[in-house]
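Let me begin by presenting the structure, written as structure tokens, before commenting on it.
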Amino acid sequence: MSTNLIQNIAHENILKAMESVRDLGLQPIVAKRKEAFEMFTAHGLPNKKNENYKYTSLEQHYTGKYLYSPFTTSQNINIDDVFKCDVPSLDTELIILTNGWYYESKSQPKLRKQNNGIIIGSLLEAMTQYPELVLNYFGKAAETYTDELNTINQALMQDGLFVFIPRGAKLDKPIQIINIVVADESIQIYPRHLIISESEEDNQLLICDHSLNPSPFIMNGTMEVFLKDNAKLSFYRMQNAHNHSVQLTNNFIRQSKGSEFHSVFITLHGGTVRNNLWVDLMESEANCNINGLWLADKNQHIDYNTFIRHHSPQCNSNQLFKGILDDEATGIFSGKILVEKGAQKTNAYQSNKNLIINPSAKVRSKPQLEIYADDVKCSHGSATGKLDDDAMFYLRSRGISHKEACQLLMFAFAGDITKQILIEPLKKEVEELIDKRLRGELSRCNRCAISCS
Amino acid sequence: MLKIKNLRAQINGKPILKGINLEVKPGEVHAIMGPNGSGKSTLASVLAGREYVEITGGEVLFMGKNLLELSPEERARMGIFLGFQYPVEIPGVSMVSFMRTAVNEIRKYRNLPPFSSSDFLKYMREKKELVEIDTQLTNRSVNEGFSGGEKKKNEIFQMAMLEPKLSILDETDSGLDIDALRIVANGVNKLKRPENATIVITHYQRLLDYIIPDVIHVLYNGQIVKTAGKELALELEEKGYDWIKKEFQN
């Protein structure tokens, strides 16, 4: 197919989905959809001419027939029976989404407000019950960027998680969102989350992406996080759906004065994965520490894009992203740090390291700094290489097999990221998954009752 | 135990070993001395199985097997241990998991069941006491941030853990102060058994005050040019290597 033809088909497919959307009875959604529809008509899908998507073409994927479902489709699945995340001692407040829709059940009410003021539930329901609160934030972090993926999410968004944590409130347990994809045919889904925290307590949020059967899907999700003055949040994302999936995530973090955002992304499986991690340090003394690890083999294509904007003085940002690439896999990291004129005394660090196991694997690393202030400390570094020969020989000279020596060294390479996981049982589980993944064994969460495919 | 016959080897096309002959029997301690660049470390690398050294002739038999056909890990499992001149730092790999993996691989080769966690820790504690290694060191990543002396002590500790038949200590004395040297040498002496052998590679005589060799060989220009008893070390210390070079050139 010619490039033009691909473009046209992909464009048509998305427009078709856009025509089938429902207004969901919510005027703000209607308005957002309309705005996005117009932007999409003007800009279309990102293609290789777009510097930000140079190495990841999405048009090809959107030429496929992926059903868009404007309605909740999962009523006939009893998720409570199917799903139990049984990681020992990982005790979480579980929120399940199926195919992009909030899954309402006895144990998972549409929306609830706890005594401490914390609100947890469906975003659409929150918009109905607390329109002022929600609309004060909804779309506000994302709209400062023009990103085509987010535009498509905005036009086609379904439902997702809403969390509001007022000052001083602490979640009883970490919140764990399980995004489950279950369908007999190929589908496209668009979850949308909104997280607002005013609390300086150590609150934690975890998103796990699973797939229940091997049907291909495109997931294009947007999450907006607002951290108010001195608020704190740790956020973890585990990407572990099958390799026929296209997983696109847009993560917008907007931080006020003195707030702290700590985050770890782990990508184990997924055919094409693109994670946009964009942080705005709006006010002084805000800190963010973002980390990512991807393990890719076969034909997997993993693309991480970070953008940290220092708008105000005395903020710190720290980024560490590591990839292990085997077979024909491709790993991409592009990270940009922007320091605005007024953002004096900024500390901004970025590091990307890649380990290539097979010479056929490809790595692209593009660090960028753009600095307009004159009193800042910024650095970035990127290194790509194979396993260290001297270390390999040292291990083998003690009787350790070649395979096991590789395993030890790869695991050590990943260790810099896993040690950033501050929920101990989750860290243990992730380490176990990584160990299995590196051994080429299936690394589904083995205690998870869903046997993902 | 070890028979080296007319061994020739090169690195990047440059001949380094030019016909080495050496036989080591159980219970013996051999010292290999020689000036810089004579091929001492290359010989150690060849015996341990380093791939960048290309063998161009000769043979090496260990316990009757052709050593040169075996991978580094197979040699280690058969009982060859190389104490590195420059031990490698491996951040992120803990000493405990490193040693546990290695010990269990070797036990598997010897048809022994793997150690349980508690048995392993007990075994490790005994060996640590034996070679007087600081407990803290085994809680860290392999050699990471270790001082020169700590790295060398760690080599001896690993030797104690793996219980090799033939230990090759490559310049184990370099960079050691006298106290560390004594601890390292004590470790080697304590591990000495009638059925085991040791090859000590050194530039200086100093280490041989503590580890008494049965035989001393002088390696020069890729060949063993002199073999004698322990008194040779003193002579070398006194006169340097020049007289040997001269003798050899004549």
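If you're wondering about the labels, chains in the structure tokens are A, B, ... by order shown, residues count from 1 in each chain, ligands from 1 in order shown.
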Non-local contacts of Val225 of chain B (12 Å; only C-alpha atoms; under 3 positions in same chain excluded) as an MDAnalysis selection string: chainID B and resid 18:22 32:35 38 216:222 228 241 243:249
Quick one: contact table of chain B to chain A, 8 Å max, nearest atom pair and distance in Å to one decimal per residue, counting only C-alpha atoms, chain and number order, as a tab-separated table?
residue	atom	partner	partner_atom	distance
B:Ala48	CA	A:Ser397	CA	6.7
B:Gly49	CA	A:Ser397	CA	7.9
B:Arg50	CA	A:Phe393	CA	7.1
B:Pro72	CA	A:Ser397	CA	5.2
B:Glu73	CA	A:Gly399	CA	4.0
B:Glu74	CA	A:Gly399	CA	6.5
B:Arg75	CA	A:Gly399	CA	7.4
B:Ala76	CA	A:Gly399	CA	4.7
B:Arg77	CA	A:Gly399	CA	5.2
B:Phe81	CA	A:Arg398	CA	7.1
B:Leu82	CA	A:Ser397	CA	7.1
B:Pro87	CA	A:Tyr394	CA	7.8
B:Val88	CA	A:Ala391	CA	6.1
B:Glu89	CA	A:Ala391	CA	7.4
B:Ile90	CA	A:Ala391	CA	6.4
B:Pro91	CA	A:Ala412	CA	7.0
B:Gly92	CA	A:Ala412	CA	4.3
B:Val93	CA	A:Ala412	CA	5.5
B:Phe98	CA	A:Leu395	CA	7.7
B:Thr101	CA	A:Ile400	CA	6.7
B:Ala102	CA	A:Ile400	CA	5.3
B:Val103	CA	A:Gly399	CA	7.8
B:Glu105	CA	A:Gly399	CA	6.3
B:Ile106	CA	A:Gly399	CA	6.2
B:Leu162	CA	A:Arg398	CA	7.7
Would you put the residues from that selection into a file with N, CA, C and O atoms, as an mmCIF file, in the first residue's frame?
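This went into out-v5.cif:
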data_model
loop_
_atom_site.group_PDB
_atom_site.id
_atom_site.type_symbol
_atom_site.label_atom_id
_atom_site.label_comp_id
_atom_site.auth_asym_id
_atom_site.auth_seq_id
_atom_site.Cartn_x
_atom_site.Cartn_y
_atom_site.Cartn_z
ATOM 1 N N ALA B 48 42.212 -20.184 32.042
ATOM 2 C CA ALA B 48 40.841 -19.944 32.504
ATOM 3 C C ALA B 48 39.834 -19.909 31.355
ATOM 4 O O ALA B 48 38.635 -19.973 31.584
ATOM 5 N N GLY B 49 40.335 -19.752 30.126
ATOM 6 C CA GLY B 49 39.419 -19.812 28.985
ATOM 7 C C GLY B 49 38.989 -18.493 28.411
ATOM 8 O O GLY B 49 37.936 -18.368 27.806
ATOM 9 N N ARG B 50 39.795 -17.486 28.585
ATOM 10 C CA ARG B 50 39.481 -16.173 28.024
ATOM 11 C C ARG B 50 39.503 -16.250 26.503
ATOM 12 O O ARG B 50 40.469 -16.751 25.918
ATOM 13 N N PRO B 72 34.786 -21.603 29.742
ATOM 14 C CA PRO B 72 35.283 -21.148 31.047
ATOM 15 C C PRO B 72 34.507 -21.785 32.208
ATOM 16 O O PRO B 72 35.105 -22.163 33.224
ATOM 17 N N GLU B 73 33.166 -21.888 32.052
ATOM 18 C CA GLU B 73 32.375 -22.425 33.161
ATOM 19 C C GLU B 73 32.638 -23.915 33.370
ATOM 20 O O GLU B 73 32.651 -24.396 34.512
ATOM 21 N N GLU B 74 32.889 -24.649 32.270
ATOM 22 C CA GLU B 74 33.195 -26.072 32.423
ATOM 23 C C GLU B 74 34.522 -26.265 33.153
ATOM 24 O O GLU B 74 34.668 -27.144 33.992
ATOM 25 N N ARG B 75 35.483 -25.421 32.820
ATOM 26 C CA ARG B 75 36.784 -25.503 33.500
ATOM 27 C C ARG B 75 36.626 -25.227 34.991
ATOM 28 O O ARG B 75 37.202 -25.922 35.827
ATOM 29 N N ALA B 76 35.815 -24.180 35.284
ATOM 30 C CA ALA B 76 35.614 -23.821 36.693
ATOM 31 C C ALA B 76 34.962 -24.973 37.444
ATOM 32 O O ALA B 76 35.323 -25.288 38.571
ATOM 33 N N ARG B 77 33.991 -25.609 36.794
ATOM 34 C CA ARG B 77 33.280 -26.709 37.463
ATOM 35 C C ARG B 77 34.208 -27.902 37.686
ATOM 36 O O ARG B 77 34.081 -28.621 38.669
ATOM 37 N N PHE B 81 40.396 -22.486 39.150
ATOM 38 C CA PHE B 81 40.002 -21.186 39.688
ATOM 39 C C PHE B 81 41.050 -20.155 39.317
ATOM 40 O O PHE B 81 42.242 -20.361 39.524
ATOM 41 N N LEU B 82 40.585 -19.028 38.752
ATOM 42 C CA LEU B 82 41.504 -17.931 38.461
ATOM 43 C C LEU B 82 41.258 -16.796 39.433
ATOM 44 O O LEU B 82 40.142 -16.272 39.526
ATOM 45 N N PRO B 87 40.027 -7.784 39.558
ATOM 46 C CA PRO B 87 38.661 -8.311 39.719
ATOM 47 C C PRO B 87 37.629 -7.305 39.193
ATOM 48 O O PRO B 87 37.816 -6.097 39.340
ATOM 49 N N VAL B 88 36.592 -7.823 38.570
ATOM 50 C CA VAL B 88 35.629 -6.976 37.863
ATOM 51 C C VAL B 88 34.518 -6.518 38.802
ATOM 52 O O VAL B 88 33.990 -7.306 39.581
ATOM 53 N N GLU B 89 34.170 -5.241 38.714
ATOM 54 C CA GLU B 89 33.040 -4.730 39.491
ATOM 55 C C GLU B 89 31.752 -5.008 38.736
ATOM 56 O O GLU B 89 31.656 -4.723 37.550
ATOM 57 N N ILE B 90 30.776 -5.585 39.400
ATOM 58 C CA ILE B 90 29.502 -5.868 38.737
ATOM 59 C C ILE B 90 28.355 -5.276 39.558
ATOM 60 O O ILE B 90 27.771 -5.934 40.408
ATOM 61 N N PRO B 91 28.038 -4.010 39.313
ATOM 62 C CA PRO B 91 26.979 -3.353 40.085
ATOM 63 C C PRO B 91 25.654 -4.077 39.883
ATOM 64 O O PRO B 91 25.358 -4.538 38.778
ATOM 65 N N GLY B 92 24.904 -4.190 40.933
ATOM 66 C CA GLY B 92 23.557 -4.760 40.817
ATOM 67 C C GLY B 92 23.505 -6.263 41.007
ATOM 68 O O GLY B 92 22.429 -6.820 41.167
ATOM 69 N N VAL B 93 24.663 -6.935 40.955
ATOM 70 C CA VAL B 93 24.671 -8.377 41.239
ATOM 71 C C VAL B 93 25.239 -8.545 42.645
ATOM 72 O O VAL B 93 26.395 -8.195 42.893
ATOM 73 N N PHE B 98 25.510 -14.078 43.508
ATOM 74 C CA PHE B 98 26.626 -14.507 42.660
ATOM 75 C C PHE B 98 27.225 -15.813 43.183
ATOM 76 O O PHE B 98 27.332 -16.822 42.471
ATOM 77 N N THR B 101 24.759 -18.836 43.115
ATOM 78 C CA THR B 101 24.621 -19.410 41.773
ATOM 79 C C THR B 101 25.852 -20.243 41.437
ATOM 80 O O THR B 101 25.748 -21.380 40.971
ATOM 81 N N ALA B 102 27.036 -19.677 41.708
ATOM 82 C CA ALA B 102 28.278 -20.365 41.342
ATOM 83 C C ALA B 102 28.440 -21.670 42.132
ATOM 84 O O ALA B 102 28.714 -22.731 41.552
ATOM 85 N N VAL B 103 28.248 -21.587 43.441
ATOM 86 C CA VAL B 103 28.446 -22.779 44.283
ATOM 87 C C VAL B 103 27.473 -23.883 43.876
ATOM 88 O O VAL B 103 27.848 -25.057 43.761
ATOM 89 N N GLU B 105 26.050 -24.329 40.939
ATOM 90 C CA GLU B 105 26.426 -24.880 39.629
ATOM 91 C C GLU B 105 27.530 -25.930 39.815
ATOM 92 O O GLU B 105 27.520 -26.986 39.193
ATOM 93 N N ILE B 106 28.487 -25.597 40.670
ATOM 94 C CA ILE B 106 29.602 -26.514 40.880
ATOM 95 C C ILE B 106 29.148 -27.763 41.633
ATOM 96 O O ILE B 106 29.556 -28.878 41.330
ATOM 97 N N LEU B 162 34.549 -21.992 46.416
ATOM 98 C CA LEU B 162 34.414 -22.908 45.275
ATOM 99 C C LEU B 162 35.272 -24.163 45.416
ATOM 100 O O LEU B 162 35.127 -25.102 44.644
#
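Omitting Ala329 of chain A and its sequence neighbours fewer than 4 positions away, and counting only C-alpha atoms, the residues within 6 Å are A:Ala296, A:Asp297, A:Lys298, A:Asn299, A:Gln300, A:His301, A:Leu325, A:Ala361.
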Quick one: write out the picked residues with N, CA, C and O atoms as a compact mmCIF listing (two decimals), in the first residue's frame?
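Result written to result.txt:
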# COMPACT_ATOMS: atom_id res chain seq x y z
N ALA A 296 12.06 -5.96 25.58
CA ALA A 296 11.40 -6.24 24.31
C ALA A 296 12.15 -7.29 23.54
O ALA A 296 13.38 -7.27 23.47
N ASP A 297 11.42 -8.22 22.96
CA ASP A 297 12.04 -9.18 22.06
C ASP A 297 11.13 -9.38 20.85
O ASP A 297 10.18 -8.62 20.65
N LYS A 298 11.41 -10.38 20.05
CA LYS A 298 10.66 -10.63 18.80
C LYS A 298 10.55 -9.32 18.01
O LYS A 298 11.54 -8.66 17.80
N ASN A 299 9.31 -8.97 17.60
CA ASN A 299 9.17 -7.73 16.83
C ASN A 299 8.57 -6.59 17.63
O ASN A 299 8.01 -5.66 17.06
N GLN A 300 8.68 -6.67 18.91
CA GLN A 300 8.09 -5.61 19.73
C GLN A 300 8.69 -4.25 19.42
O GLN A 300 9.87 -4.15 19.08
N HIS A 301 7.86 -3.25 19.57
CA HIS A 301 8.28 -1.89 19.28
C HIS A 301 7.85 -1.02 20.47
O HIS A 301 6.66 -0.84 20.71
N LEU A 325 16.85 -5.02 24.84
CA LEU A 325 16.30 -5.34 23.53
C LEU A 325 16.92 -6.60 22.97
O LEU A 325 18.15 -6.71 22.91
N ALA A 361 18.56 -6.14 17.06
CA ALA A 361 17.66 -5.23 17.76
C ALA A 361 18.08 -3.79 17.48
O ALA A 361 19.25 -3.52 17.22
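Counting only C-alpha atoms and comparing A:Met219, A:Ala348, A:Ile118, A:Ile152, the residue that lies closest to Leu171 of chain A is A:Ile118.
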Computed interatomic separation between atom CA of Thr92 of chain A and atom CA of Asn203 of chain A (Å): 11.7 Å
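Taking atom CA of Glu171 of chain B as the reference point, atom CA of Asn104 of chain B is found at 27.7 Å.
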Residues near Thr418 of chain A, cut-off 9 Å, only C-alpha atoms, skip fewer than 5 positions along chain, as JSON, numbers by chain: {"A": [264, 266, 293, 427, 428, 430, 431]}
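The residue set within 10 Å of Asn116 of chain A, counting only C-alpha atoms and dropping same-chain residues fewer than 2 places from it, reads Lys113, Gln114, Ile118, Ile119, Ile165, Pro166, Arg167, Gly168, Ala169, Lys170 and Leu171 of chain A.
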For the residues selected in the previous step, produce a file with all heavy atoms as an mmCIF file, in the first residue's frame.
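The result, written out as selection-v7.cif:
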data_model
loop_
_atom_site.group_PDB
_atom_site.id
_atom_site.type_symbol
_atom_site.label_atom_id
_atom_site.label_comp_id
_atom_site.auth_asym_id
_atom_site.auth_seq_id
_atom_site.Cartn_x
_atom_site.Cartn_y
_atom_site.Cartn_z
ATOM 1 N N LYS A 113 -17.987 8.411 47.922
ATOM 2 C CA LYS A 113 -17.220 9.404 48.665
ATOM 3 C C LYS A 113 -17.003 8.848 50.059
ATOM 4 O O LYS A 113 -17.957 8.483 50.745
ATOM 5 C CB LYS A 113 -17.994 10.712 48.730
ATOM 6 C CG LYS A 113 -17.203 11.838 49.357
ATOM 7 C CD LYS A 113 -17.907 13.177 49.184
ATOM 8 C CE LYS A 113 -17.043 14.291 49.766
ATOM 9 N NZ LYS A 113 -17.596 15.620 49.497
ATOM 10 N N GLN A 114 -15.745 8.754 50.451
ATOM 11 C CA GLN A 114 -15.449 8.213 51.782
ATOM 12 C C GLN A 114 -15.588 9.311 52.841
ATOM 13 O O GLN A 114 -15.644 10.498 52.521
ATOM 14 C CB GLN A 114 -14.017 7.657 51.803
ATOM 15 C CG GLN A 114 -13.795 6.507 50.845
ATOM 16 C CD GLN A 114 -12.352 6.051 50.751
ATOM 17 O OE1 GLN A 114 -12.056 5.157 49.981
ATOM 18 N NE2 GLN A 114 -11.451 6.669 51.517
ATOM 19 N N ILE A 118 -12.312 11.474 50.305
ATOM 20 C CA ILE A 118 -11.775 10.894 49.073
ATOM 21 C C ILE A 118 -12.920 10.418 48.185
ATOM 22 O O ILE A 118 -13.859 9.774 48.661
ATOM 23 C CB ILE A 118 -10.826 9.717 49.390
ATOM 24 C CG1 ILE A 118 -9.557 10.236 50.072
ATOM 25 C CG2 ILE A 118 -10.463 8.943 48.123
ATOM 26 C CD1 ILE A 118 -8.566 9.158 50.473
ATOM 27 N N ILE A 119 -12.866 10.785 46.928
ATOM 28 C CA ILE A 119 -13.881 10.328 45.971
ATOM 29 C C ILE A 119 -13.208 9.388 44.974
ATOM 30 O O ILE A 119 -12.167 9.727 44.396
ATOM 31 C CB ILE A 119 -14.508 11.520 45.210
ATOM 32 C CG1 ILE A 119 -15.068 12.538 46.201
ATOM 33 C CG2 ILE A 119 -15.581 11.039 44.246
ATOM 34 C CD1 ILE A 119 -15.504 13.848 45.557
ATOM 35 N N ILE A 165 -8.394 13.300 46.069
ATOM 36 C CA ILE A 165 -7.901 13.111 47.434
ATOM 37 C C ILE A 165 -7.710 14.487 48.066
ATOM 38 O O ILE A 165 -6.822 15.241 47.668
ATOM 39 C CB ILE A 165 -6.551 12.355 47.443
ATOM 40 C CG1 ILE A 165 -6.660 11.065 46.608
ATOM 41 C CG2 ILE A 165 -6.114 12.042 48.872
ATOM 42 C CD1 ILE A 165 -5.344 10.338 46.409
ATOM 43 N N PRO A 166 -8.577 14.842 49.035
ATOM 44 C CA PRO A 166 -8.441 16.176 49.643
ATOM 45 C C PRO A 166 -7.239 16.257 50.585
ATOM 46 O O PRO A 166 -6.663 15.225 50.955
ATOM 47 C CB PRO A 166 -9.754 16.342 50.416
ATOM 48 C CG PRO A 166 -10.235 14.965 50.684
ATOM 49 C CD PRO A 166 -9.694 14.083 49.601
ATOM 50 N N ARG A 167 -6.891 17.463 50.948
ATOM 51 C CA ARG A 167 -5.750 17.705 51.826
ATOM 52 C C ARG A 167 -5.802 16.823 53.066
ATOM 53 O O ARG A 167 -6.836 16.675 53.692
ATOM 54 C CB ARG A 167 -5.758 19.184 52.229
ATOM 55 C CG ARG A 167 -4.653 19.604 53.182
ATOM 56 C CD ARG A 167 -4.488 21.114 53.190
ATOM 57 N NE ARG A 167 -4.079 21.604 51.867
ATOM 58 C CZ ARG A 167 -2.836 21.547 51.404
ATOM 59 N NH1 ARG A 167 -1.873 21.021 52.136
ATOM 60 N NH2 ARG A 167 -2.555 22.009 50.211
ATOM 61 N N GLY A 168 -4.693 16.200 53.382
ATOM 62 C CA GLY A 168 -4.605 15.411 54.618
ATOM 63 C C GLY A 168 -5.146 13.994 54.510
ATOM 64 O O GLY A 168 -4.956 13.202 55.419
ATOM 65 N N ALA A 169 -5.800 13.679 53.400
ATOM 66 C CA ALA A 169 -6.424 12.347 53.321
ATOM 67 C C ALA A 169 -5.424 11.309 52.824
ATOM 68 O O ALA A 169 -4.566 11.592 51.993
ATOM 69 C CB ALA A 169 -7.626 12.386 52.397
ATOM 70 N N LYS A 170 -5.576 10.107 53.370
ATOM 71 C CA LYS A 170 -4.696 9.024 52.951
ATOM 72 C C LYS A 170 -5.552 7.868 52.468
ATOM 73 O O LYS A 170 -6.509 7.468 53.123
ATOM 74 C CB LYS A 170 -3.822 8.599 54.144
ATOM 75 C CG LYS A 170 -3.024 7.327 53.934
ATOM 76 C CD LYS A 170 -1.524 7.614 53.979
ATOM 77 C CE LYS A 170 -0.670 6.352 53.936
ATOM 78 N NZ LYS A 170 -0.552 5.714 52.640
ATOM 79 N N LEU A 171 -5.199 7.331 51.331
ATOM 80 C CA LEU A 171 -5.906 6.151 50.830
ATOM 81 C C LEU A 171 -5.658 4.999 51.792
ATOM 82 O O LEU A 171 -4.547 4.836 52.297
ATOM 83 C CB LEU A 171 -5.379 5.760 49.448
ATOM 84 C CG LEU A 171 -5.657 6.700 48.282
ATOM 85 C CD1 LEU A 171 -4.812 6.302 47.080
ATOM 86 C CD2 LEU A 171 -7.133 6.683 47.918
#
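Going from atom CA of Ile80 of chain B over to atom CA of Gln223 of chain B, you cover 22.2 Å.
Comparing the minimum interatomic distances between Lys128 of chain B and each of B:Leu169, B:Leu2, B:Val142, B:Ile183, counting only C-alpha atoms, we find that B:Ile183 sits nearest.
For Asn4 of chain A, the list of residues within 12 Å, based on only C-alpha atoms and with local chain neighbours fewer than 2 positions off taken out, reads Met1, Ser2, Ile6, Gln7, Asn8, Ile9, Ala10, His11, Asn47, Glu59, Gln60 and Thr63 of chain A.
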Next, dump the selected residues to file, keeping only N, CA, C and O atoms, as a short mmCIF file (atom, residue, chain, number, x, y, z; two decimals), in the first residue's frame.
data_model
loop_
_atom_site.label_atom_id
_atom_site.label_comp_id
_atom_site.auth_asym_id
_atom_site.auth_seq_id
_atom_site.Cartn_x
_atom_site.Cartn_y
_atom_site.Cartn_z
N MET A 1 0.84 -1.20 0.00
CA MET A 1 0.00 0.00 0.00
C MET A 1 0.87 1.25 0.00
O MET A 1 1.89 1.30 0.67
N SER A 2 0.44 2.24 -0.74
CA SER A 2 1.22 3.48 -0.76
C SER A 2 0.97 4.24 0.55
O SER A 2 -0.02 4.02 1.23
N ILE A 6 -2.47 4.35 2.84
CA ILE A 6 -2.47 4.00 4.26
C ILE A 6 -3.04 5.15 5.09
O ILE A 6 -3.92 4.97 5.92
N GLN A 7 -2.55 6.33 4.77
CA GLN A 7 -3.01 7.52 5.50
C GLN A 7 -4.52 7.67 5.39
O GLN A 7 -5.21 7.88 6.38
N ASN A 8 -5.01 7.52 4.16
CA ASN A 8 -6.44 7.73 3.93
C ASN A 8 -7.29 6.70 4.66
O ASN A 8 -8.29 7.04 5.28
N ILE A 9 -6.85 5.44 4.57
CA ILE A 9 -7.64 4.38 5.22
C ILE A 9 -7.66 4.60 6.73
O ILE A 9 -8.71 4.53 7.38
N ALA A 10 -6.48 4.87 7.29
CA ALA A 10 -6.40 5.08 8.73
C ALA A 10 -7.29 6.25 9.14
O ALA A 10 -8.05 6.17 10.12
N HIS A 11 -7.21 7.31 8.38
CA HIS A 11 -7.99 8.51 8.65
C HIS A 11 -9.49 8.20 8.61
O HIS A 11 -10.24 8.55 9.52
N ASN A 47 2.45 11.21 11.78
CA ASN A 47 3.23 10.35 10.88
C ASN A 47 4.70 10.68 11.04
O ASN A 47 5.09 11.47 11.90
N GLU A 59 -0.16 5.02 11.63
CA GLU A 59 -1.12 4.92 10.53
C GLU A 59 -1.33 3.47 10.13
O GLU A 59 -2.46 3.01 9.95
N GLN A 60 -0.22 2.76 10.03
CA GLN A 60 -0.27 1.35 9.64
C GLN A 60 -1.25 0.57 10.52
O GLN A 60 -2.05 -0.22 10.04
N THR A 63 -5.04 1.15 9.99
CA THR A 63 -5.68 0.67 8.76
C THR A 63 -6.47 -0.62 9.04
O THR A 63 -7.33 -1.00 8.28
#
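Within the 8 Å cut-off around Val24 of chain B, using only C-alpha atoms and omitting residues fewer than 5 positions from it on the same chain, the listed residues are Met1, Leu2, Lys3, His30 and Ala197 of chain B.
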Per-residue DSSP, segment 90-151 of chain B, filtered to helix (DSSP H, G or I), as a VMD selection string: chain B and resid 95 to 109 117 to 131 135 to 139 148 to 151
